[in-house]
file start_20.txt (compact mmCIF, C-alpha atoms)
# COMPACT_ATOMS: atom_id res chain seq x y z
CA MET A 1 -35.05 -0.59 -22.07
CA ALA A 2 -32.18 -3.08 -22.19
CA ALA A 3 -31.04 -4.71 -18.97
CA VAL A 4 -27.45 -3.84 -18.15
CA ILE A 5 -27.25 -5.82 -14.92
CA GLU A 6 -29.50 -8.71 -14.01
CA VAL A 7 -29.23 -10.57 -10.73
CA ASN A 8 -31.07 -13.69 -9.66
CA GLY A 9 -31.12 -15.35 -6.26
CA LEU A 10 -28.73 -13.05 -4.42
CA VAL A 11 -28.11 -14.05 -0.82
CA LYS A 12 -25.62 -12.40 1.50
CA THR A 13 -25.04 -13.73 4.98
CA TRP A 14 -23.14 -12.29 7.90
CA SER A 15 -21.96 -14.97 10.39
CA GLY A 16 -24.50 -17.41 8.99
CA GLN A 17 -27.42 -14.98 9.33
CA PRO A 18 -29.02 -13.82 6.07
CA ALA A 19 -28.45 -10.08 5.64
CA LEU A 20 -29.67 -9.65 2.06
CA ARG A 21 -32.05 -11.80 0.07
CA ILE A 22 -32.89 -10.47 -3.37
CA PRO A 23 -34.65 -12.95 -5.67
CA HIS A 24 -34.51 -10.75 -8.76
CA LEU A 25 -33.06 -7.36 -9.66
CA VAL A 26 -32.76 -5.74 -13.07
CA LEU A 27 -30.95 -2.48 -13.69
CA GLU A 28 -31.81 -1.00 -17.08
CA ALA A 29 -29.91 1.35 -19.35
CA GLY A 30 -31.02 4.96 -19.16
CA ALA A 31 -32.54 4.56 -15.70
CA SER A 32 -31.57 6.06 -12.36
CA TYR A 33 -32.33 4.16 -9.18
CA VAL A 34 -32.44 5.44 -5.65
CA LEU A 35 -31.87 2.74 -3.11
CA SER A 36 -33.44 3.79 0.17
CA GLY A 37 -33.72 2.05 3.50
CA ASP A 38 -32.84 2.44 7.14
CA ASN A 39 -29.29 2.37 8.41
CA GLY A 40 -28.12 -1.22 8.33
CA ALA A 41 -30.76 -2.26 5.80
CA GLY A 42 -27.97 -3.41 3.47
CA LYS A 43 -27.80 -0.55 0.96
CA SER A 44 -24.03 -0.23 1.02
CA THR A 45 -23.62 -4.00 1.06
CA LEU A 46 -25.74 -4.38 -2.07
CA LEU A 47 -23.76 -1.71 -3.91
CA ARG A 48 -20.47 -3.25 -2.81
CA ILE A 49 -21.65 -6.66 -4.02
CA LEU A 50 -22.60 -5.22 -7.41
CA ALA A 51 -19.22 -3.46 -7.57
CA GLY A 52 -17.48 -6.79 -6.99
CA LEU A 53 -16.00 -5.61 -3.70
CA GLU A 54 -17.98 -7.95 -1.47
CA PRO A 55 -18.55 -11.67 -2.04
CA ALA A 56 -22.13 -12.99 -2.06
CA HIS A 57 -23.98 -16.05 -3.24
CA MET A 58 -25.79 -15.46 -6.52
CA GLU A 59 -27.66 -17.89 -8.69
CA ARG A 60 -27.04 -15.74 -11.71
CA PHE A 61 -25.31 -12.46 -12.49
CA ALA A 62 -25.54 -11.15 -16.03
CA PHE A 63 -23.93 -8.08 -17.55
CA GLU A 64 -25.59 -6.99 -20.79
CA GLY A 65 -27.25 -10.38 -21.06
CA GLU A 66 -24.07 -12.38 -20.58
CA SER A 67 -23.92 -14.57 -17.44
CA MET A 68 -20.71 -14.49 -15.45
CA GLN A 69 -19.22 -15.10 -12.02
CA LEU A 70 -19.30 -11.86 -10.03
CA ASP A 71 -16.15 -12.75 -8.09
CA ARG A 72 -14.32 -13.42 -11.37
CA LEU A 73 -15.60 -10.59 -13.51
CA PRO A 74 -13.56 -10.08 -16.67
CA ALA A 75 -11.52 -6.87 -16.38
CA LEU A 76 -13.43 -5.36 -19.30
CA VAL A 77 -16.74 -5.77 -17.46
CA ARG A 78 -15.32 -4.73 -14.09
CA ARG A 79 -14.18 -1.52 -15.70
CA GLN A 80 -17.74 -0.80 -16.81
CA ILE A 81 -18.86 -0.53 -13.19
CA GLY A 82 -17.90 2.64 -11.32
CA PHE A 83 -18.25 2.74 -7.53
CA VAL A 84 -18.02 5.79 -5.28
CA HIS A 85 -17.59 5.15 -1.58
CA GLN A 86 -19.66 7.04 1.01
CA HIS A 87 -16.47 8.66 2.27
CA PRO A 88 -14.29 8.46 -0.86
CA TYR A 89 -10.66 7.61 -0.32
CA MET A 90 -8.31 10.14 -1.84
CA PHE A 91 -4.87 8.90 -2.83
CA ARG A 92 -2.00 10.78 -1.24
CA SER A 93 -1.52 13.04 -4.26
CA SER A 94 -3.19 15.95 -6.02
CA ALA A 95 -6.84 15.99 -7.07
CA LEU A 96 -5.66 15.82 -10.70
CA THR A 97 -3.49 12.74 -10.09
CA ASN A 98 -6.42 11.10 -8.29
CA VAL A 99 -8.62 11.61 -11.35
CA GLU A 100 -5.85 10.34 -13.63
CA TYR A 101 -5.48 7.06 -11.67
CA GLY A 102 -8.07 4.97 -13.51
CA LEU A 103 -6.87 6.30 -16.86
CA LYS A 104 -3.30 5.34 -16.00
CA VAL A 105 -4.48 1.84 -15.08
CA ARG A 106 -6.10 1.66 -18.52
CA GLY A 107 -2.84 2.65 -20.18
CA VAL A 108 -3.93 6.10 -21.39
CA LYS A 109 -0.83 8.13 -22.33
CA ARG A 110 0.26 11.03 -20.15
CA ASN A 111 -1.00 13.86 -22.38
CA GLY A 112 -4.40 12.31 -23.00
CA ARG A 113 -4.67 11.49 -19.32
CA ALA A 114 -4.01 15.04 -18.17
CA ARG A 115 -6.47 16.46 -20.71
CA LEU A 116 -9.29 14.06 -19.80
CA ALA A 117 -8.69 14.50 -16.07
CA HIS A 118 -8.74 18.29 -16.46
CA GLU A 119 -12.03 18.10 -18.35
CA ALA A 120 -13.52 15.90 -15.63
CA LEU A 121 -12.39 18.33 -12.93
CA ILE A 122 -13.92 21.22 -14.87
CA TRP A 123 -17.16 19.19 -15.05
CA ALA A 124 -17.03 18.75 -11.28
CA GLY A 125 -16.24 22.44 -10.72
CA MET A 126 -12.92 21.48 -9.16
CA GLU A 127 -10.45 22.79 -11.74
CA GLU A 128 -9.11 25.47 -9.42
CA LEU A 129 -8.17 22.86 -6.85
CA ALA A 130 -6.69 20.44 -9.42
CA ASN A 131 -3.20 20.65 -7.94
CA SER A 132 -4.24 20.71 -4.29
CA PRO A 133 -3.44 17.69 -2.11
CA ALA A 134 -6.65 15.67 -2.39
CA GLN A 135 -6.59 14.48 1.21
CA ARG A 136 -6.77 18.08 2.43
CA LEU A 137 -9.97 18.90 0.50
CA SER A 138 -13.30 19.22 2.30
CA GLY A 139 -15.80 16.33 2.33
CA GLY A 140 -17.88 17.90 -0.45
CA GLU A 141 -14.81 18.63 -2.59
CA GLN A 142 -13.55 15.08 -2.13
CA GLN A 143 -16.95 13.74 -3.16
CA ARG A 144 -16.81 15.83 -6.34
CA VAL A 145 -13.25 14.67 -7.10
CA ALA A 146 -14.45 11.08 -6.55
CA LEU A 147 -17.31 11.62 -9.01
CA ALA A 148 -14.89 13.12 -11.57
CA ARG A 149 -12.50 10.19 -10.94
CA VAL A 150 -15.24 7.75 -11.92
CA LYS A 151 -16.89 9.83 -14.66
CA VAL A 152 -13.60 10.22 -16.54
CA LEU A 153 -13.66 6.45 -17.07
CA SER A 154 -17.14 6.56 -18.67
CA PRO A 155 -18.48 3.41 -17.03
CA ARG A 156 -21.89 1.98 -18.02
CA VAL A 157 -22.93 1.70 -14.37
CA TYR A 158 -22.46 4.21 -11.56
CA LEU A 159 -22.90 2.89 -8.03
CA LEU A 160 -22.92 5.79 -5.57
CA ASP A 161 -22.99 5.08 -1.87
CA GLU A 162 -24.59 7.87 0.20
CA PRO A 163 -23.00 10.59 -1.94
CA THR A 164 -24.60 13.46 -0.01
CA ALA A 165 -24.19 12.10 3.51
CA ASN A 166 -22.44 14.50 5.87
CA LEU A 167 -22.19 17.30 3.31
CA ASP A 168 -23.27 20.85 4.01
CA ALA A 169 -26.15 22.39 2.04
CA ASP A 170 -23.92 23.84 -0.68
CA GLY A 171 -21.89 20.65 -1.05
CA ARG A 172 -25.09 18.61 -1.26
CA ARG A 173 -26.60 20.85 -3.93
CA ARG A 174 -23.45 20.64 -6.09
CA VAL A 175 -23.18 16.86 -5.75
CA ILE A 176 -26.87 16.36 -6.61
CA GLU A 177 -26.43 18.54 -9.71
CA LEU A 178 -23.49 16.43 -10.85
CA ILE A 179 -25.31 13.15 -10.22
CA ALA A 180 -28.29 14.37 -12.25
CA GLN A 181 -25.85 14.92 -15.15
CA LEU A 182 -24.46 11.38 -14.94
CA ALA A 183 -27.74 9.83 -16.00
CA ALA A 184 -27.70 9.34 -19.77
CA ALA A 185 -29.38 7.10 -22.32
CA ASP A 186 -26.89 4.26 -22.07
CA LYS A 187 -25.95 4.60 -18.38
CA VAL A 188 -27.30 3.14 -15.17
CA VAL A 189 -27.05 5.20 -11.98
CA VAL A 190 -27.76 3.58 -8.63
CA ILE A 191 -27.66 5.86 -5.60
CA ALA A 192 -27.93 4.55 -2.07
CA CYS A 193 -29.26 7.34 0.14
CA HIS A 194 -31.93 8.70 2.45
CA ASP A 195 -31.74 12.16 0.90
CA LEU A 196 -35.31 13.20 0.08
CA GLU A 197 -34.14 15.64 -2.57
CA MET A 198 -32.36 12.78 -4.34
CA ILE A 199 -35.25 10.37 -3.89
CA ASN A 200 -37.58 12.92 -5.50
CA LEU A 201 -35.35 13.62 -8.51
CA PRO A 202 -37.48 13.42 -11.66
CA GLY A 203 -37.49 10.06 -13.37
CA VAL A 204 -35.78 8.03 -10.69
CA VAL A 205 -36.92 4.52 -9.85
CA ARG A 206 -37.17 3.98 -6.15
CA LEU A 207 -35.93 0.74 -4.64
CA HIS A 208 -36.56 0.31 -0.94
CA LEU A 209 -34.56 -2.14 1.16
CA GLU A 210 -36.20 -3.44 4.28
CA ASN A 211 -34.99 -6.34 6.40
CA GLY A 212 -32.62 -7.34 3.63
CA SER A 213 -35.30 -7.53 0.94
CA LEU A 214 -36.16 -5.16 -1.90
CA ASN A 215 -39.59 -3.59 -2.23
CA MET B 216 49.08 7.13 22.80
CA ASP B 217 46.55 9.01 24.89
CA LEU B 218 42.91 9.62 24.03
CA LEU B 219 43.52 13.06 22.55
CA ASP B 220 46.28 11.81 20.25
CA THR B 221 44.15 8.85 19.26
CA THR B 222 41.22 11.10 18.37
CA ARG B 223 43.50 13.49 16.46
CA GLU B 224 44.98 10.55 14.51
CA ALA B 225 41.44 9.21 13.88
CA PHE B 226 40.37 12.50 12.29
CA ARG B 227 43.61 12.62 10.29
CA LEU B 228 42.83 9.14 8.91
CA LEU B 229 39.28 10.18 8.10
CA PHE B 230 40.14 13.40 6.32
CA SER B 231 43.32 12.22 4.59
CA GLY B 232 41.25 9.64 2.74
CA ASP B 233 43.15 6.70 4.23
CA PRO B 234 42.55 3.91 1.69
CA ALA B 235 42.50 1.08 4.26
CA LEU B 236 39.93 2.90 6.40
CA TRP B 237 37.66 3.97 3.55
CA GLY B 238 38.02 0.50 2.01
CA ILE B 239 36.50 -0.93 5.21
CA VAL B 240 33.66 1.64 5.06
CA TRP B 241 33.07 0.71 1.41
CA VAL B 242 32.80 -3.03 2.25
CA SER B 243 30.30 -2.24 5.00
CA LEU B 244 28.12 -0.05 2.79
CA LYS B 245 28.31 -2.37 -0.21
CA VAL B 246 27.39 -5.50 1.77
CA SER B 247 24.56 -3.87 3.72
CA VAL B 248 23.02 -2.02 0.77
CA LEU B 249 23.14 -5.13 -1.44
CA ALA B 250 21.60 -7.22 1.36
CA LEU B 251 18.76 -4.69 1.61
CA ILE B 252 18.23 -4.58 -2.16
CA LEU B 253 18.13 -8.38 -2.38
CA ALA B 254 15.99 -9.05 0.71
CA GLY B 255 13.77 -5.98 0.38
CA PRO B 256 11.32 -6.88 -2.39
CA LEU B 257 10.47 -10.33 -1.05
CA ALA B 258 10.20 -9.06 2.54
CA VAL B 259 7.90 -6.22 1.48
CA VAL B 260 5.71 -8.66 -0.47
CA LEU B 261 5.52 -10.98 2.56
CA GLY B 262 4.71 -8.03 4.86
CA PHE B 263 1.93 -6.93 2.51
CA LEU B 264 0.45 -10.42 2.19
CA LEU B 265 0.50 -10.97 5.95
CA ALA B 266 -1.35 -7.69 6.47
CA HIS B 267 -3.76 -8.08 3.61
CA ILE B 268 -4.74 -11.70 3.09
CA ALA B 269 -6.29 -14.14 5.53
CA PHE B 270 -4.95 -17.68 5.16
CA PRO B 271 -4.40 -20.65 7.47
CA GLY B 272 -1.19 -20.20 9.46
CA ARG B 273 -1.11 -16.45 8.95
CA ARG B 274 -1.12 -15.70 12.68
CA LEU B 275 1.79 -18.09 13.29
CA LEU B 276 3.74 -16.54 10.43
CA VAL B 277 3.17 -13.04 11.85
CA ILE B 278 4.46 -14.19 15.25
CA LEU B 279 7.50 -15.82 13.65
CA VAL B 280 8.34 -12.74 11.57
CA GLN B 281 8.07 -10.54 14.64
CA ALA B 282 10.06 -12.94 16.81
CA PHE B 283 12.86 -13.32 14.25
CA GLN B 284 13.51 -9.57 14.39
CA SER B 285 15.40 -10.14 17.60
CA PHE B 286 17.10 -13.36 16.55
CA PRO B 287 20.74 -13.12 17.74
CA THR B 288 22.92 -12.21 14.77
CA VAL B 289 25.72 -14.41 15.99
CA VAL B 290 23.38 -17.41 15.85
CA VAL B 291 22.42 -16.48 12.28
CA GLY B 292 26.17 -16.43 11.61
CA LEU B 293 26.64 -19.80 13.29
CA LEU B 294 23.85 -21.44 11.29
CA LEU B 295 25.17 -19.99 8.03
CA TYR B 296 28.68 -21.07 8.98
CA LEU B 297 27.45 -24.64 9.44
CA LEU B 298 25.65 -24.51 6.11
CA LEU B 299 28.53 -22.93 4.17
CA SER B 300 31.51 -24.66 5.80
CA ARG B 301 33.34 -27.24 3.72
CA GLN B 302 31.46 -30.14 5.36
CA GLY B 303 28.15 -28.30 5.27
CA PRO B 304 25.37 -28.90 2.75
CA LEU B 305 26.29 -25.73 0.82
CA GLY B 306 30.05 -26.18 1.23
CA ALA B 307 30.52 -26.84 -2.49
CA LEU B 308 29.60 -23.23 -3.22
CA HIS B 309 32.82 -22.04 -1.46
CA LEU B 310 31.05 -19.00 -0.06
CA LEU B 311 32.43 -19.02 3.47
CA PHE B 312 34.61 -15.96 4.23
CA THR B 313 33.41 -14.07 1.18
CA GLN B 314 31.28 -10.96 0.74
CA PRO B 315 28.35 -12.99 -0.68
CA ALA B 316 28.28 -14.95 2.58
CA MET B 317 28.13 -11.69 4.55
CA ILE B 318 25.37 -10.42 2.23
CA LEU B 319 23.44 -13.64 2.73
CA GLY B 320 23.75 -13.32 6.51
CA GLN B 321 22.62 -9.69 6.50
CA MET B 322 19.71 -10.59 4.23
CA VAL B 323 18.57 -13.16 6.79
CA ILE B 324 18.87 -10.57 9.57
CA ALA B 325 17.16 -7.75 7.62
CA PHE B 326 14.33 -9.86 6.20
CA PRO B 327 12.10 -10.13 9.32
CA VAL B 328 12.71 -6.47 10.18
CA LEU B 329 11.64 -5.34 6.71
CA ALA B 330 8.65 -7.70 6.64
CA ALA B 331 7.45 -6.77 10.14
CA TYR B 332 7.69 -3.02 9.54
CA THR B 333 5.93 -3.36 6.17
CA LEU B 334 3.24 -5.46 7.85
CA THR B 335 2.67 -2.71 10.42
CA ALA B 336 2.63 -0.02 7.72
CA VAL B 337 0.08 -1.89 5.59
CA GLN B 338 -2.06 -2.71 8.64
CA GLY B 339 -2.14 1.02 9.28
CA ALA B 340 -3.21 1.80 5.70
CA ASP B 341 -6.77 2.86 5.08
CA PRO B 342 -8.60 -0.26 3.80
CA ARG B 343 -10.36 1.96 1.26
CA ALA B 344 -7.01 2.55 -0.51
CA TYR B 345 -6.87 -0.98 -1.96
CA GLU B 346 -10.60 -1.02 -2.61
CA THR B 347 -10.53 2.32 -4.39
CA ALA B 348 -7.65 1.24 -6.59
CA SER B 349 -9.49 -1.99 -7.33
CA SER B 350 -12.80 -0.27 -8.10
CA LEU B 351 -10.98 2.08 -10.49
CA GLY B 352 -9.84 -0.92 -12.50
CA ALA B 353 -6.51 -1.88 -10.92
CA GLY B 354 -5.69 -5.59 -10.81
CA ARG B 355 -4.45 -7.21 -7.61
CA VAL B 356 -0.77 -6.43 -8.12
CA ARG B 357 -1.45 -2.83 -9.11
CA ALA B 358 -3.85 -2.28 -6.20
CA ALA B 359 -1.20 -3.76 -3.87
CA MET B 360 1.48 -1.46 -5.31
CA THR B 361 -0.88 1.51 -4.90
CA THR B 362 -1.50 0.59 -1.26
CA LEU B 363 2.25 0.28 -0.63
CA TRP B 364 2.76 3.66 -2.31
CA GLU B 365 0.11 5.15 -0.01
CA VAL B 366 2.10 3.92 3.01
CA ARG B 367 5.47 4.61 1.41
CA PHE B 368 6.77 6.45 4.47
CA GLY B 369 6.16 3.34 6.58
CA VAL B 370 7.91 1.17 3.99
CA MET B 371 10.83 3.59 3.85
CA ALA B 372 11.00 3.43 7.65
CA ALA B 373 11.27 -0.37 7.29
CA VAL B 374 14.27 0.08 4.98
CA PHE B 375 16.01 2.53 7.32
CA VAL B 376 15.46 0.37 10.39
CA GLY B 377 16.67 -2.69 8.47
CA PHE B 378 19.79 -0.83 7.32
CA GLY B 379 20.46 0.39 10.87
CA ARG B 380 20.27 -3.17 12.13
CA ILE B 381 22.61 -4.78 9.60
CA VAL B 382 25.21 -2.07 9.14
CA SER B 383 26.15 -2.27 12.82
CA GLU B 384 25.82 -6.02 13.40
CA ILE B 385 29.01 -7.87 14.10
CA GLY B 386 28.16 -11.47 15.05
CA CYS B 387 27.18 -12.76 11.65
CA SER B 388 29.73 -10.74 9.64
CA LEU B 389 32.52 -12.05 11.84
CA MET B 390 31.36 -15.67 11.66
CA VAL B 391 30.84 -15.92 7.89
CA GLY B 392 33.09 -13.06 6.71
CA GLY B 393 36.17 -13.74 8.78
CA ASN B 394 37.43 -10.11 8.91
CA ILE B 395 39.78 -10.54 5.93
CA ALA B 396 41.52 -7.22 5.15
CA GLY B 397 40.36 -5.65 1.92
CA LEU B 398 37.76 -8.34 1.38
CA THR B 399 35.39 -9.04 4.27
CA ARG B 400 36.59 -6.57 6.90
CA ASN B 401 33.71 -4.23 7.59
CA ILE B 402 33.28 -1.46 10.17
CA PRO B 403 32.03 -3.54 13.14
CA THR B 404 34.54 -6.39 12.67
CA ALA B 405 37.38 -3.94 12.17
CA ILE B 406 36.50 -2.01 15.33
CA ALA B 407 36.20 -5.18 17.39
CA LEU B 408 39.27 -7.02 16.15
CA GLU B 409 41.73 -4.36 14.99
CA THR B 410 41.43 -2.30 18.16
CA SER B 411 42.58 -5.29 20.17
CA LYS B 412 45.73 -5.31 18.01
CA GLY B 413 46.50 -1.71 18.97
CA GLU B 414 44.89 0.04 15.97
CA PHE B 415 43.12 2.51 18.27
CA ALA B 416 42.99 5.44 15.83
CA GLN B 417 41.44 3.35 13.09
CA GLY B 418 38.91 1.98 15.59
CA VAL B 419 37.92 5.48 16.71
CA ALA B 420 37.71 6.73 13.09
CA LEU B 421 35.47 3.80 12.11
CA GLY B 422 33.42 4.36 15.25
CA ILE B 423 32.86 7.97 14.14
CA VAL B 424 31.75 6.75 10.69
CA LEU B 425 29.36 4.24 12.27
CA ILE B 426 27.91 6.90 14.58
CA VAL B 427 27.43 9.29 11.65
CA LEU B 428 25.74 6.50 9.68
CA ALA B 429 23.48 5.58 12.60
CA LEU B 430 22.56 9.23 13.18
CA ALA B 431 21.93 9.77 9.46
CA VAL B 432 19.64 6.75 9.39
CA ASN B 433 17.73 7.98 12.43
CA VAL B 434 17.46 11.52 11.08
CA ALA B 435 16.19 10.10 7.77
CA LEU B 436 13.74 7.89 9.68
CA ALA B 437 12.45 10.85 11.71
CA ALA B 438 12.15 12.94 8.52
CA VAL B 439 10.26 10.15 6.77
CA GLN B 440 7.95 9.62 9.73
CA GLY B 441 7.37 13.37 9.83
CA GLN B 442 6.42 13.22 6.15
CA GLY B 443 3.73 10.76 7.11
CA GLY B 444 2.08 13.72 8.77
CA MET B 445 0.50 14.29 12.13
CA ARG B 446 -2.42 12.11 12.97
CA ARG B 447 -5.35 14.33 12.08
CA ALA B 448 -8.86 14.12 13.39
CA TRP B 449 -10.90 12.02 11.00
CA GLN B 450 -13.15 14.12 8.84
CA PRO B 451 -16.08 12.71 6.94

call {"tool": "encode", "arguments": {"input": "start_20.txt", "output": "structure tokens"}}
result
Amino acid sequence: MAAVIEVNGLVKTWSGQPALRIPHLVLEAGASYVLSGDNGAGKSTLLRILAGLEPAHMERFAFEGESMQLDRLPALVRRQIGFVHQHPYMFRSSALTNVEYGLKVRGVKRNGRARLAHEALIWAGMEELANSPAQRLSGGEQQRVALARVKVLSPRVYLLDEPTANLDADGRRRVIELIAQLAAADKVVVIACHDLEMINLPGVVRLHLENGSLN
Amino acid sequence: MDLLDTTREAFRLLFSGDPALWGIVWVSLKVSVLALILAGPLAVVLGFLLAHIAFPGRRLLVILVQAFQSFPTVVVGLLLYLLLSRQGPLGALHLLFTQPAMILGQMVIAFPVLAAYTLTAVQGADPRAYETASSLGAGRVRAAMTTLWEVRFGVMAAVFVGFGRIVSEIGCSLMVGGNIAGLTRNIPTAIALETSKGEFAQGVALGIVLIVLALAVNVALAAVQGQGGMRRAWQP
């Protein structure tokens, strides 16, 4: 399988103390990875680094074989990496407008935007709440809107931070179903979580973070 | 003329559409609104940057912006007077005793108020707002605009407070405007100077307009802050 992201010599320090030290990491197309580890092991930090939201020292970062500076990722590459926060932030607008945001940024015209966003909300089972204020939705509903908001952009890489944390049983089941659908031949899905059901999904590669290092 | 007659005459002036009186109101509104429009964008950008970006001297700049909110308006007027007077470094522009000079003064007064309130609004924004915009593909400017839109009620509060401060200030307008009838006479200078010449009714009428304006601004501010919503318990 082709490597989509390849990282060499990643070091992240907090106040001079090394928090993450990853000599080599390859994320391949068509694979799903579950990143496990105790609280504070650095799961979220690693995802945030890969999403370009957190600076870190890296000897080499390559996207589809091309080396580049992670803190100066070209917009075209940055847009290939979708990140969903553990507690997704919902813009102060409707669920539909939230899903349209990334499309608007990419200059998609109003009609196309609305159609694509609607389709994504149908995929997430959220079409009935499309016009509801997103900030008033439940945690599970917000997580599904956040997944639709990223999926509508069709990124190559999905980075999902604890997507089932703090959800009730029904919310968890729905989110896991959606995540299972994200994995496709040309996509990479990386999920940071402790959720056993997620860890045991068929075909996932397990990455375990311990004391800032990957096993 | 007793108080009752004065008040009756004031209302007659107000409702008869007295051109001199409404001309003064127009100068006030025009100068203050233009000052807000001109100072607003830069002040909002500064407020955002101070809240969002760490750089050397940031703390000092925050203290200065906050301190300048209570800078005496008459001193702003004095400094501008010295700059704009014929012997001053900007004397060649012939701006003293003109509306642009008053606008400039009110911009200086409004700027720290707008910047400080924007700073507070952005500091209160959820840090995930900028990050989410950024992770969905927004560039820096777009993510900043999105964050400001998320705290739009706080930014609107900044505009209302700024307007409230400049529309009622007298020190600077008097120093650099000169209270010239039909040109630089605004509500506060007219009340202060014309009343002393016996124009009681006009003073009371303008006072009523100023009170209505101040109340309207405060009602709008309360409405906007109400729109921001009650602080809700955080839900995961």

call {"tool": "closest_atom_pairs", "arguments": {"input": "start_20.txt", "of": "chain B", "to": "chain A", "cutoff": "9 Å", "atoms": "all atoms listed in the file", "output": "tab-separated table"}}
result
residue	atom	partner	partner_atom	distance
B:Asp341	CA	A:Tyr89	CA	8.2
B:Arg343	CA	A:Tyr89	CA	5.9
B:Ala344	CA	A:Tyr89	CA	6.2
B:Glu346	CA	A:Leu53	CA	7.2
B:Thr347	CA	A:Tyr89	CA	6.7
B:Ala348	CA	A:Gly102	CA	7.9
B:Ser349	CA	A:Leu53	CA	8.3
B:Ser350	CA	A:Phe83	CA	6.3
B:Leu351	CA	A:Gly102	CA	5.1
B:Gly352	CA	A:Arg79	CA	5.4
B:Ala353	CA	A:Val105	CA	5.9
B:Gly354	CA	A:Ala75	CA	8.2
B:Arg357	CA	A:Val105	CA	8.2
B:Thr361	CA	A:Phe91	CA	8.6
B:Trp364	CA	A:Arg92	CA	8.6
B:Glu365	CA	A:Arg92	CA	6.1
B:Gln450	CA	A:Gly139	CA	7.4
B:Pro451	CA	A:Gly139	CA	5.9

call {"tool": "residues_around", "arguments": {"input": "start_20.txt", "residues": "range 411-428 of chain B", "least_positions_apart": "3", "cutoff": "8 Å", "atoms": "all atoms listed in the file", "output": "mmCIF file with C-alpha atoms, keeping the file's coordinate frame"}}
result
data_model
loop_
_atom_site.group_PDB
_atom_site.id
_atom_site.type_symbol
_atom_site.label_atom_id
_atom_site.label_comp_id
_atom_site.auth_asym_id
_atom_site.auth_seq_id
_atom_site.Cartn_x
_atom_site.Cartn_y
_atom_site.Cartn_z
ATOM 1 C CA THR B 221 44.150 8.850 19.260
ATOM 2 C CA THR B 222 41.220 11.100 18.370
ATOM 3 C CA GLU B 224 44.980 10.550 14.510
ATOM 4 C CA ALA B 225 41.440 9.210 13.880
ATOM 5 C CA PHE B 226 40.370 12.500 12.290
ATOM 6 C CA LEU B 228 42.830 9.140 8.910
ATOM 7 C CA LEU B 229 39.280 10.180 8.100
ATOM 8 C CA LEU B 236 39.930 2.900 6.400
ATOM 9 C CA VAL B 240 33.660 1.640 5.060
ATOM 10 C CA SER B 383 26.150 -2.270 12.820
ATOM 11 C CA ILE B 402 33.280 -1.460 10.170
ATOM 12 C CA ALA B 405 37.380 -3.940 12.170
ATOM 13 C CA ILE B 406 36.500 -2.010 15.330
ATOM 14 C CA ALA B 407 36.200 -5.180 17.390
ATOM 15 C CA LEU B 408 39.270 -7.020 16.150
ATOM 16 C CA ALA B 431 21.930 9.770 9.460
ATOM 17 C CA VAL B 432 19.640 6.750 9.390
#

call {"tool": "closest_residue", "arguments": {"input": "start_20.txt", "among": "B:Pro327, B:Pro342, B:Gly379, B:Gly238", "to": "Val277 in chain B", "atoms": "only C-alpha atoms"}}
result
B:Pro327

call {"tool": "axis_aligned_box", "arguments": {"input": "start_20.txt", "around": "range 229-243 of chain B", "padding_each_side": "8 Å", "output": "JSON"}}
result
{"center_x": 36.8, "center_y": 5.2, "center_z": 4.8, "size_x": 29.0, "size_y": 32.4, "size_z": 22.7}

call {"tool": "closest_residue", "arguments": {"input": "start_20.txt", "among": "B:Gly255, B:Gly339, B:Pro304, B:Gly262", "to": "Ile324 in chain B", "atoms": "only C-alpha atoms"}}
result
B:Gly255

call {"tool": "residues_around", "arguments": {"input": "start_20.txt", "residues": "range 178-194 of chain A", "least_positions_apart": "3", "cutoff": "9 Å", "atoms": "all atoms listed in the file", "output": "PyMOL selection string"}}
result
chain A and resi 4-5+27-38+43-44+47+123-124+144+147+151+155-165+173-175+197-199+201

call {"tool": "write_last_selection", "arguments": {"input": "start_20.txt", "atoms": "C-alpha atoms", "output": "compact mmCIF listing (two decimals), in the coordinates of the input"}}
result
# COMPACT_ATOMS: atom_id res chain seq x y z
CA VAL A 4 -27.45 -3.84 -18.15
CA ILE A 5 -27.25 -5.82 -14.92
CA LEU A 27 -30.95 -2.48 -13.69
CA GLU A 28 -31.81 -1.00 -17.08
CA ALA A 29 -29.91 1.35 -19.35
CA GLY A 30 -31.02 4.96 -19.16
CA ALA A 31 -32.54 4.56 -15.70
CA SER A 32 -31.57 6.06 -12.36
CA TYR A 33 -32.33 4.16 -9.18
CA VAL A 34 -32.44 5.44 -5.65
CA LEU A 35 -31.87 2.74 -3.11
CA SER A 36 -33.44 3.79 0.17
CA GLY A 37 -33.72 2.05 3.50
CA ASP A 38 -32.84 2.44 7.14
CA LYS A 43 -27.80 -0.55 0.96
CA SER A 44 -24.03 -0.23 1.02
CA LEU A 47 -23.76 -1.71 -3.91
CA TRP A 123 -17.16 19.19 -15.05
CA ALA A 124 -17.03 18.75 -11.28
CA ARG A 144 -16.81 15.83 -6.34
CA LEU A 147 -17.31 11.62 -9.01
CA LYS A 151 -16.89 9.83 -14.66
CA PRO A 155 -18.48 3.41 -17.03
CA ARG A 156 -21.89 1.98 -18.02
CA VAL A 157 -22.93 1.70 -14.37
CA TYR A 158 -22.46 4.21 -11.56
CA LEU A 159 -22.90 2.89 -8.03
CA LEU A 160 -22.92 5.79 -5.57
CA ASP A 161 -22.99 5.08 -1.87
CA GLU A 162 -24.59 7.87 0.20
CA PRO A 163 -23.00 10.59 -1.94
CA THR A 164 -24.60 13.46 -0.01
CA ALA A 165 -24.19 12.10 3.51
CA ARG A 173 -26.60 20.85 -3.93
CA ARG A 174 -23.45 20.64 -6.09
CA VAL A 175 -23.18 16.86 -5.75
CA GLU A 197 -34.14 15.64 -2.57
CA MET A 198 -32.36 12.78 -4.34
CA ILE A 199 -35.25 10.37 -3.89
CA LEU A 201 -35.35 13.62 -8.51
